[in-house]
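Enquirer: data.pdb is the file, holding PDB, C-alpha atoms:
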ATOM      1  CA  MET U   1    -189.854  55.556-223.458  1.00  0.00           C
ATOM      2  CA  SER U   2    -187.120  54.477-221.064  1.00  0.00           C
ATOM      3  CA  SER U   3    -185.319  57.088-218.988  1.00  0.00           C
ATOM      4  CA  LYS U   4    -182.152  56.485-221.054  1.00  0.00           C
ATOM      5  CA  ALA U   5    -184.078  57.021-224.300  1.00  0.00           C
ATOM      6  CA  ALA U   6    -185.735  60.152-222.883  1.00  0.00           C
ATOM      7  CA  ALA U   7    -182.346  61.531-221.779  1.00  0.00           C
ATOM      8  CA  ARG U   8    -180.947  60.903-225.269  1.00  0.00           C
ATOM      9  CA  SER U   9    -183.953  62.516-226.901  1.00  0.00           C
ATOM     10  CA  LYS U  10    -183.446  65.609-224.740  1.00  0.00           C
ATOM     11  CA  ALA U  11    -179.742  65.557-225.614  1.00  0.00           C
ATOM     12  CA  ARG U  12    -180.658  65.536-229.322  1.00  0.00           C
ATOM     13  CA  ARG U  13    -182.822  68.631-228.867  1.00  0.00           C
ATOM     14  CA  PHE U  14    -179.917  70.381-227.157  1.00  0.00           C
ATOM     15  CA  LEU U  15    -177.495  69.072-229.794  1.00  0.00           C
ATOM     16  CA  LEU U  16    -179.587  70.654-232.509  1.00  0.00           C
ATOM     17  CA  GLN U  17    -179.516  73.969-230.664  1.00  0.00           C
ATOM     18  CA  ALA U  18    -175.762  73.770-230.032  1.00  0.00           C
ATOM     19  CA  MET U  19    -175.120  72.875-233.680  1.00  0.00           C
ATOM     20  CA  TYR U  20    -177.265  75.799-234.780  1.00  0.00           C
ATOM     21  CA  GLN U  21    -175.287  78.089-232.452  1.00  0.00           C
ATOM     22  CA  ALA U  22    -172.012  76.773-233.901  1.00  0.00           C
ATOM     23  CA  GLU U  23    -173.319  77.319-237.432  1.00  0.00           C
ATOM     24  CA  LEU U  24    -174.336  80.922-236.735  1.00  0.00           C
ATOM     25  CA  THR U  25    -171.135  81.820-234.892  1.00  0.00           C
ATOM     26  CA  ASP U  26    -168.876  79.844-237.255  1.00  0.00           C
ATOM     27  CA  GLU U  27    -167.376  77.868-234.356  1.00  0.00           C
ATOM     28  CA  ASP U  28    -166.363  74.226-234.273  1.00  0.00           C
ATOM     29  CA  TYR U  29    -169.022  71.918-232.884  1.00  0.00           C
ATOM     30  CA  SER U  30    -166.733  70.601-230.194  1.00  0.00           C
ATOM     31  CA  SER U  31    -165.830  74.107-228.998  1.00  0.00           C
ATOM     32  CA  VAL U  32    -169.429  75.101-228.177  1.00  0.00           C
ATOM     33  CA  ALA U  33    -170.061  72.181-225.794  1.00  0.00           C
ATOM     34  CA  ASP U  34    -168.803  73.664-222.509  1.00  0.00           C
ATOM     35  CA  SER U  35    -170.370  77.095-222.938  1.00  0.00           C
ATOM     36  CA  PHE U  36    -173.637  75.580-224.156  1.00  0.00           C
ATOM     37  CA  ILE U  37    -173.847  73.255-221.136  1.00  0.00           C
ATOM     38  CA  ALA U  38    -173.066  76.152-218.801  1.00  0.00           C
ATOM     39  CA  ASP U  39    -175.831  78.282-220.347  1.00  0.00           C
ATOM     40  CA  HIS U  40    -178.620  75.651-220.347  1.00  0.00           C
ATOM     41  CA  ASN U  41    -180.386  73.488-217.798  1.00  0.00           C
ATOM     42  CA  MET U  42    -179.399  70.074-219.127  1.00  0.00           C
ATOM     43  CA  LYS U  43    -179.807  67.991-215.971  1.00  0.00           C
ATOM     44  CA  ARG U  44    -182.240  65.543-217.633  1.00  0.00           C
ATOM     45  CA  ALA U  45    -180.207  65.216-220.839  1.00  0.00           C
ATOM     46  CA  ASP U  46    -177.511  62.615-221.477  1.00  0.00           C
ATOM     47  CA  LEU U  47    -174.440  64.876-221.241  1.00  0.00           C
ATOM     48  CA  THR U  48    -171.970  62.119-222.099  1.00  0.00           C
ATOM     49  CA  TYR U  49    -173.896  61.468-225.304  1.00  0.00           C
ATOM     50  CA  PHE U  50    -174.136  65.220-225.998  1.00  0.00           C
ATOM     51  CA  ARG U  51    -170.360  65.675-225.772  1.00  0.00           C
ATOM     52  CA  GLU U  52    -169.604  62.495-227.721  1.00  0.00           C
ATOM     53  CA  ILE U  53    -171.844  63.519-230.603  1.00  0.00           C
ATOM     54  CA  LEU U  54    -170.486  67.085-230.849  1.00  0.00           C
ATOM     55  CA  ASN U  55    -166.913  65.787-230.871  1.00  0.00           C
ATOM     56  CA  GLY U  56    -167.775  63.043-233.356  1.00  0.00           C
ATOM     57  CA  LEU U  57    -169.521  65.477-235.678  1.00  0.00           C
ATOM     58  CA  GLN U  58    -166.389  67.590-235.729  1.00  0.00           C
ATOM     59  CA  VAL U  59    -164.163  64.607-236.566  1.00  0.00           C
ATOM     60  CA  LYS U  60    -166.456  63.081-239.217  1.00  0.00           C
ATOM     61  CA  TYR U  61    -167.884  66.307-240.689  1.00  0.00           C
ATOM     62  CA  ASP U  62    -166.453  65.913-244.199  1.00  0.00           C
ATOM     63  CA  ARG U  63    -167.562  62.289-244.509  1.00  0.00           C
ATOM     64  CA  LEU U  64    -171.043  63.113-243.197  1.00  0.00           C
ATOM     65  CA  ARG U  65    -171.394  66.040-245.564  1.00  0.00           C
ATOM     66  CA  PHE U  66    -170.351  63.855-248.504  1.00  0.00           C
ATOM     67  CA  CYS U  67    -172.854  61.115-247.594  1.00  0.00           C
ATOM     68  CA  ILE U  68    -175.706  63.596-247.163  1.00  0.00           C
ATOM     69  CA  ALA U  69    -174.875  65.533-250.342  1.00  0.00           C
ATOM     70  CA  ALA U  70    -175.144  62.324-252.369  1.00  0.00           C
ATOM     71  CA  LYS U  71    -178.811  62.014-251.315  1.00  0.00           C
ATOM     72  CA  LEU U  72    -179.860  65.634-251.884  1.00  0.00           C
ATOM     73  CA  ASP U  73    -181.552  67.241-254.865  1.00  0.00           C
ATOM     74  CA  ARG U  74    -179.701  70.508-254.135  1.00  0.00           C
ATOM     75  CA  ASP U  75    -176.320  71.613-252.907  1.00  0.00           C
ATOM     76  CA  PHE U  76    -175.529  70.881-249.252  1.00  0.00           C
ATOM     77  CA  ALA U  77    -174.684  74.566-248.694  1.00  0.00           C
ATOM     78  CA  GLU U  78    -178.244  75.516-249.703  1.00  0.00           C
ATOM     79  CA  LEU U  79    -179.767  73.624-246.787  1.00  0.00           C
ATOM     80  CA  ASP U  80    -181.380  75.573-243.996  1.00  0.00           C
ATOM     81  CA  PRO U  81    -179.126  75.460-240.884  1.00  0.00           C
ATOM     82  CA  ILE U  82    -181.749  73.435-238.980  1.00  0.00           C
ATOM     83  CA  GLU U  83    -182.123  70.857-241.765  1.00  0.00           C
ATOM     84  CA  LYS U  84    -178.360  70.678-242.136  1.00  0.00           C
ATOM     85  CA  SER U  85    -177.885  70.090-238.413  1.00  0.00           C
ATOM     86  CA  ILE U  86    -180.598  67.425-238.203  1.00  0.00           C
ATOM     87  CA  LEU U  87    -179.177  65.578-241.205  1.00  0.00           C
ATOM     88  CA  LEU U  88    -175.625  65.728-239.837  1.00  0.00           C
ATOM     89  CA  LEU U  89    -176.818  64.419-236.475  1.00  0.00           C
ATOM     90  CA  GLY U  90    -178.828  61.619-238.080  1.00  0.00           C
ATOM     91  CA  ALA U  91    -176.046  60.643-240.468  1.00  0.00           C
ATOM     92  CA  TYR U  92    -173.579  60.541-237.584  1.00  0.00           C
ATOM     93  CA  GLU U  93    -175.850  58.281-235.562  1.00  0.00           C
ATOM     94  CA  LEU U  94    -176.356  55.974-238.543  1.00  0.00           C
ATOM     95  CA  ILE U  95    -172.610  55.695-239.129  1.00  0.00           C
ATOM     96  CA  ALA U  96    -171.108  55.812-235.646  1.00  0.00           C
ATOM     97  CA  ARG U  97    -173.853  54.670-233.269  1.00  0.00           C
ATOM     98  CA  ILE U  98    -174.992  51.297-234.528  1.00  0.00           C
ATOM     99  CA  ASP U  99    -176.422  50.632-231.067  1.00  0.00           C
ATOM    100  CA  ILE U 100    -179.259  53.013-232.004  1.00  0.00           C
ATOM    101  CA  PRO U 101    -181.732  51.353-234.405  1.00  0.00           C
ATOM    102  CA  TYR U 102    -181.986  53.125-237.755  1.00  0.00           C
ATOM    103  CA  ARG U 103    -185.743  53.601-237.274  1.00  0.00           C
ATOM    104  CA  VAL U 104    -185.082  55.495-234.040  1.00  0.00           C
ATOM    105  CA  VAL U 105    -182.545  57.720-235.829  1.00  0.00           C
ATOM    106  CA  ILE U 106    -185.032  58.520-238.593  1.00  0.00           C
ATOM    107  CA  ASN U 107    -187.931  59.075-236.191  1.00  0.00           C
ATOM    108  CA  GLU U 108    -185.901  61.364-233.926  1.00  0.00           C
ATOM    109  CA  GLY U 109    -184.740  63.371-236.955  1.00  0.00           C
ATOM    110  CA  VAL U 110    -188.291  63.746-238.244  1.00  0.00           C
ATOM    111  CA  GLU U 111    -189.542  64.851-234.821  1.00  0.00           C
ATOM    112  CA  LEU U 112    -186.759  67.433-234.539  1.00  0.00           C
ATOM    113  CA  ALA U 113    -187.634  68.740-237.999  1.00  0.00           C
ATOM    114  CA  LYS U 114    -191.316  68.987-237.066  1.00  0.00           C
ATOM    115  CA  SER U 115    -190.443  70.880-233.868  1.00  0.00           C
ATOM    116  CA  PHE U 116    -187.698  73.199-235.133  1.00  0.00           C
ATOM    117  CA  GLY U 117    -187.666  73.115-238.923  1.00  0.00           C
ATOM    118  CA  ALA U 118    -189.679  74.728-241.667  1.00  0.00           C
ATOM    119  CA  THR U 119    -193.165  73.387-242.374  1.00  0.00           C
ATOM    120  CA  GLU U 120    -192.142  70.694-244.852  1.00  0.00           C
ATOM    121  CA  SER U 121    -188.560  70.063-243.731  1.00  0.00           C
ATOM    122  CA  TYR U 122    -189.482  66.798-242.019  1.00  0.00           C
ATOM    123  CA  LYS U 123    -190.127  65.304-245.472  1.00  0.00           C
ATOM    124  CA  LEU U 124    -186.576  66.088-246.605  1.00  0.00           C
ATOM    125  CA  VAL U 125    -185.144  64.754-243.335  1.00  0.00           C
ATOM    126  CA  ASN U 126    -187.167  61.553-243.626  1.00  0.00           C
ATOM    127  CA  SER U 127    -186.194  61.030-247.260  1.00  0.00           C
ATOM    128  CA  VAL U 128    -182.466  61.636-246.806  1.00  0.00           C
ATOM    129  CA  LEU U 129    -182.094  59.647-243.571  1.00  0.00           C
ATOM    130  CA  ASP U 130    -184.102  56.763-245.033  1.00  0.00           C
ATOM    131  CA  ALA U 131    -181.873  56.698-248.127  1.00  0.00           C
ATOM    132  CA  LEU U 132    -178.738  56.857-245.969  1.00  0.00           C
ATOM    133  CA  SER U 133    -179.974  54.079-243.715  1.00  0.00           C
ATOM    134  CA  LYS U 134    -180.414  51.809-246.748  1.00  0.00           C
ATOM    135  CA  ASP U 135    -176.749  52.341-247.643  1.00  0.00           C
ATOM    136  CA  ILE U 136    -175.249  52.388-244.165  1.00  0.00           C
ATOM    137  CA  ARG U 137    -177.455  49.908-242.315  1.00  0.00           C
ATOM    138  CA  ARG U 138    -178.216  47.431-245.088  1.00  0.00           C
ATOM    139  CA  THR U 139    -177.869  44.419-242.795  1.00  0.00           C
ATOM    140  CA  GLU U 140    -180.259  45.909-240.240  1.00  0.00           C
ATOM    141  CA  GLN U 141    -183.028  46.281-242.807  1.00  0.00           C
TER     142      GLN U 141
END
Could you express the structure from this file as structure tokens?
Expert:
Amino acid sequence: MSSKAAARSKARRFLLQAMYQAELTDEDYSSVADSFIADHNMKRADLTYFREILNGLQVKYDRLRFCIAAKLDRDFAELDPIEKSILLLGAYELIARIDIPYRVVINEGVELAKSFGATESYKLVNSVLDALSKDIRRTEQ
């Protein structure tokens, strides 16, 4: 893994934690960035990417939620906060970061789910992100 890829992977781990914090405190994603960075040792994470994603998630939240909800077998609101955050992050990357291959987006989401999610949550993450990638990244596949 290149140093850029490793820095992004670390940023994703921190993004998941910041998103979870925002979810629990009912804050906007973009408003937790500065305090989260101040409270964590993020020197090996891609901070530019971290900030861009949190701001982008805030701007595109409704569209992302709609896209994800269309691929779920339950209501979006019923998702565990970790699953919800991973799916929002993955959907955002699929839509807004076409420089990141869809397979990387799916793999990173699955790994986050295995590390932070419930026992079987990686299966849901894999299924939903795969379905989204087929709609969003048709030409890449």
Enquirer: Taking all listed atoms of stretch 123-138 of chain U, build the axis-aligned box, pad each of the six sides by 3 Å, then write its centre and edge lengths in Å to one decimal as JSON.
Expert:
{"center_x": -182.7, "center_y": 56.8, "center_z": -245.2, "size_x": 20.9, "size_y": 24.7, "size_z": 11.8}
Enquirer: For this file, the PyMOL selection byres ((chain U and resi 100) around 12) selects which residues, as an mmCIF file with C-alpha atoms, in the coordinates of the input?
Expert:
data_model
loop_
_atom_site.group_PDB
_atom_site.id
_atom_site.type_symbol
_atom_site.label_atom_id
_atom_site.label_comp_id
_atom_site.auth_asym_id
_atom_site.auth_seq_id
_atom_site.Cartn_x
_atom_site.Cartn_y
_atom_site.Cartn_z
ATOM 1 C CA LYS U 4 -182.152 56.485 -221.054
ATOM 2 C CA ALA U 5 -184.078 57.021 -224.300
ATOM 3 C CA ARG U 8 -180.947 60.903 -225.269
ATOM 4 C CA SER U 9 -183.953 62.516 -226.901
ATOM 5 C CA GLY U 90 -178.828 61.619 -238.080
ATOM 6 C CA ALA U 91 -176.046 60.643 -240.468
ATOM 7 C CA TYR U 92 -173.579 60.541 -237.584
ATOM 8 C CA GLU U 93 -175.850 58.281 -235.562
ATOM 9 C CA LEU U 94 -176.356 55.974 -238.543
ATOM 10 C CA ILE U 95 -172.610 55.695 -239.129
ATOM 11 C CA ALA U 96 -171.108 55.812 -235.646
ATOM 12 C CA ARG U 97 -173.853 54.670 -233.269
ATOM 13 C CA ILE U 98 -174.992 51.297 -234.528
ATOM 14 C CA ASP U 99 -176.422 50.632 -231.067
ATOM 15 C CA PRO U 101 -181.732 51.353 -234.405
ATOM 16 C CA TYR U 102 -181.986 53.125 -237.755
ATOM 17 C CA ARG U 103 -185.743 53.601 -237.274
ATOM 18 C CA VAL U 104 -185.082 55.495 -234.040
ATOM 19 C CA VAL U 105 -182.545 57.720 -235.829
ATOM 20 C CA ILE U 106 -185.032 58.520 -238.593
ATOM 21 C CA ASN U 107 -187.931 59.075 -236.191
ATOM 22 C CA GLU U 108 -185.901 61.364 -233.926
ATOM 23 C CA SER U 133 -179.974 54.079 -243.715
ATOM 24 C CA ARG U 137 -177.455 49.908 -242.315
ATOM 25 C CA GLU U 140 -180.259 45.909 -240.240
#
Enquirer: Just give me the gap between atom CA of U:Leu132 and atom CA of U:Ala70 in Å, one decimal is fine.
Expert: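 One can read the atom CA of U:Leu132 to atom CA of U:Ala70 distance as 9.2 Å.
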Enquirer: Identify, on the basis of only C-alpha atoms, every residue whose closest approach to U:Lys10 does not exceed 9 Å; exclude the query and any residue fewer than 5 positions from it along the same chain; express the result as a list in words.
Expert: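 Within the cut-off, the hits are Ala5, Leu15, Met42, Arg44, Ala45 and Asp46 of chain U.
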Enquirer: Ranking U:Asp39, U:Glu23, U:Asp73, U:Asp135 by minimum distance to U:Ser85 and counting only C-alpha atoms, which one comes first?
Expert: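 The shortest atom-to-atom distance to U:Ser85 comes from U:Glu23.
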Enquirer: Just say which residues the PyMOL selection byres ((chain U and resi 116-122) around 12) picks in this file, as a count of residues only.
Expert: 33
Enquirer: Select, from U:Phe36, U:Ser30, U:Glu78, U:Ala11, the residue with the minimum atom-to-atom distance to U:Asn55, counting all atoms listed in the file.
Expert: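 That would be U:Ser30, the residue with the smallest distance to U:Asn55.
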Enquirer: Pull out every residue that the PyMOL selection byres ((chain U and resi 29) around 7) matches in the shown coordinates and put them as a VMD selection string.
Expert: chain U and resid 19 22 27 to 28 30 to 32 54 to 55 58
Enquirer: Report, in Å with one decimal, the straight-line distance from atom CA of U:Ser35 to atom CA of U:Gln21.
Expert: 10.8 Å
Enquirer: So how far away is atom CA of U:Ala77 from atom CA of U:Lys134, in Å?
Expert: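 Computing the Euclidean distance for atom CA of U:Lys134 and atom CA of U:Ala77 yields 23.5 Å.
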Enquirer: Pick the closest to U:Asp62 from U:Phe76, U:Asn41, U:Thr25, U:Ser3: which is it, counting all atoms listed in the file?
Expert: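 Nearest to U:Asp62: U:Phe76.
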Enquirer: For each of U:Leu24, U:Ala18, U:Ile53, U:Leu89, take the minimum atom-to-atom distance to U:Ala38, counting all atoms listed in the file, then give the residue where this is smallest.
Expert: U:Ala18
Enquirer: With the input short on atoms, add all heavy atoms back to stretch 109-120 of chain U and write it as a short mmCIF file (atom, residue, chain, number, x, y, z; two decimals), in the coordinates of the input.
Expert:
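See result-v2.cif below for the written result:
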data_model
loop_
_atom_site.label_atom_id
_atom_site.label_comp_id
_atom_site.auth_asym_id
_atom_site.auth_seq_id
_atom_site.Cartn_x
_atom_site.Cartn_y
_atom_site.Cartn_z
N GLY U 109 -185.01 62.29 -236.00
CA GLY U 109 -184.74 63.37 -236.96
C GLY U 109 -186.01 64.03 -237.45
O GLY U 109 -186.11 65.26 -237.53
N VAL U 110 -187.01 63.22 -237.77
CA VAL U 110 -188.29 63.75 -238.24
C VAL U 110 -188.96 64.58 -237.16
O VAL U 110 -189.47 65.68 -237.42
CB VAL U 110 -189.21 62.59 -238.72
CG1 VAL U 110 -190.65 63.07 -238.91
CG2 VAL U 110 -188.68 61.99 -240.01
N GLU U 111 -188.93 64.11 -235.93
CA GLU U 111 -189.54 64.85 -234.82
C GLU U 111 -188.82 66.18 -234.58
O GLU U 111 -189.47 67.19 -234.31
CB GLU U 111 -189.58 64.00 -233.54
CG GLU U 111 -190.54 62.83 -233.62
CD GLU U 111 -191.97 63.23 -233.98
OE1 GLU U 111 -192.49 64.22 -233.40
OE2 GLU U 111 -192.58 62.57 -234.84
N LEU U 112 -187.50 66.18 -234.67
CA LEU U 112 -186.76 67.43 -234.54
C LEU U 112 -187.14 68.41 -235.65
O LEU U 112 -187.31 69.61 -235.41
CB LEU U 112 -185.25 67.18 -234.56
CG LEU U 112 -184.65 66.55 -233.31
CD1 LEU U 112 -183.20 66.13 -233.57
CD2 LEU U 112 -184.73 67.50 -232.13
N ALA U 113 -187.27 67.89 -236.86
CA ALA U 113 -187.63 68.74 -238.00
C ALA U 113 -189.04 69.30 -237.82
O ALA U 113 -189.29 70.47 -238.14
CB ALA U 113 -187.54 67.96 -239.30
N LYS U 114 -189.95 68.50 -237.30
CA LYS U 114 -191.32 68.99 -237.07
C LYS U 114 -191.34 70.06 -235.98
O LYS U 114 -192.11 71.01 -236.06
CB LYS U 114 -192.23 67.82 -236.66
CG LYS U 114 -192.60 66.94 -237.82
CD LYS U 114 -193.51 65.80 -237.36
CE LYS U 114 -193.92 64.91 -238.51
NZ LYS U 114 -194.77 63.78 -238.05
N SER U 115 -190.48 69.92 -234.98
CA SER U 115 -190.44 70.88 -233.87
C SER U 115 -189.70 72.16 -234.22
O SER U 115 -190.11 73.25 -233.81
CB SER U 115 -189.77 70.26 -232.64
OG SER U 115 -190.52 69.19 -232.14
N PHE U 116 -188.58 72.04 -234.93
CA PHE U 116 -187.70 73.20 -235.13
C PHE U 116 -187.57 73.66 -236.58
O PHE U 116 -187.13 74.78 -236.82
CB PHE U 116 -186.29 72.88 -234.60
CG PHE U 116 -186.23 72.64 -233.13
CD1 PHE U 116 -186.14 71.36 -232.63
CD2 PHE U 116 -186.26 73.70 -232.24
CE1 PHE U 116 -186.08 71.13 -231.26
CE2 PHE U 116 -186.21 73.49 -230.87
CZ PHE U 116 -186.13 72.19 -230.38
N GLY U 117 -187.90 72.80 -237.52
CA GLY U 117 -187.67 73.11 -238.92
C GLY U 117 -188.82 73.84 -239.59
O GLY U 117 -189.85 74.12 -238.97
N ALA U 118 -188.63 74.12 -240.86
CA ALA U 118 -189.68 74.73 -241.67
C ALA U 118 -190.83 73.73 -241.83
O ALA U 118 -190.67 72.53 -241.56
CB ALA U 118 -189.11 75.12 -243.02
N THR U 119 -191.94 74.19 -242.30
CA THR U 119 -193.16 73.39 -242.37
C THR U 119 -192.96 72.02 -243.01
O THR U 119 -193.43 71.02 -242.49
CB THR U 119 -194.25 74.16 -243.15
OG1 THR U 119 -194.41 75.44 -242.54
CG2 THR U 119 -195.57 73.43 -243.12
N GLU U 120 -192.29 71.96 -244.13
CA GLU U 120 -192.14 70.69 -244.85
C GLU U 120 -190.76 70.05 -244.69
O GLU U 120 -190.47 69.06 -245.36
CB GLU U 120 -192.41 70.93 -246.35
CG GLU U 120 -193.79 71.48 -246.66
CD GLU U 120 -194.90 70.47 -246.42
OE1 GLU U 120 -194.76 69.32 -246.87
OE2 GLU U 120 -195.90 70.84 -245.77
#
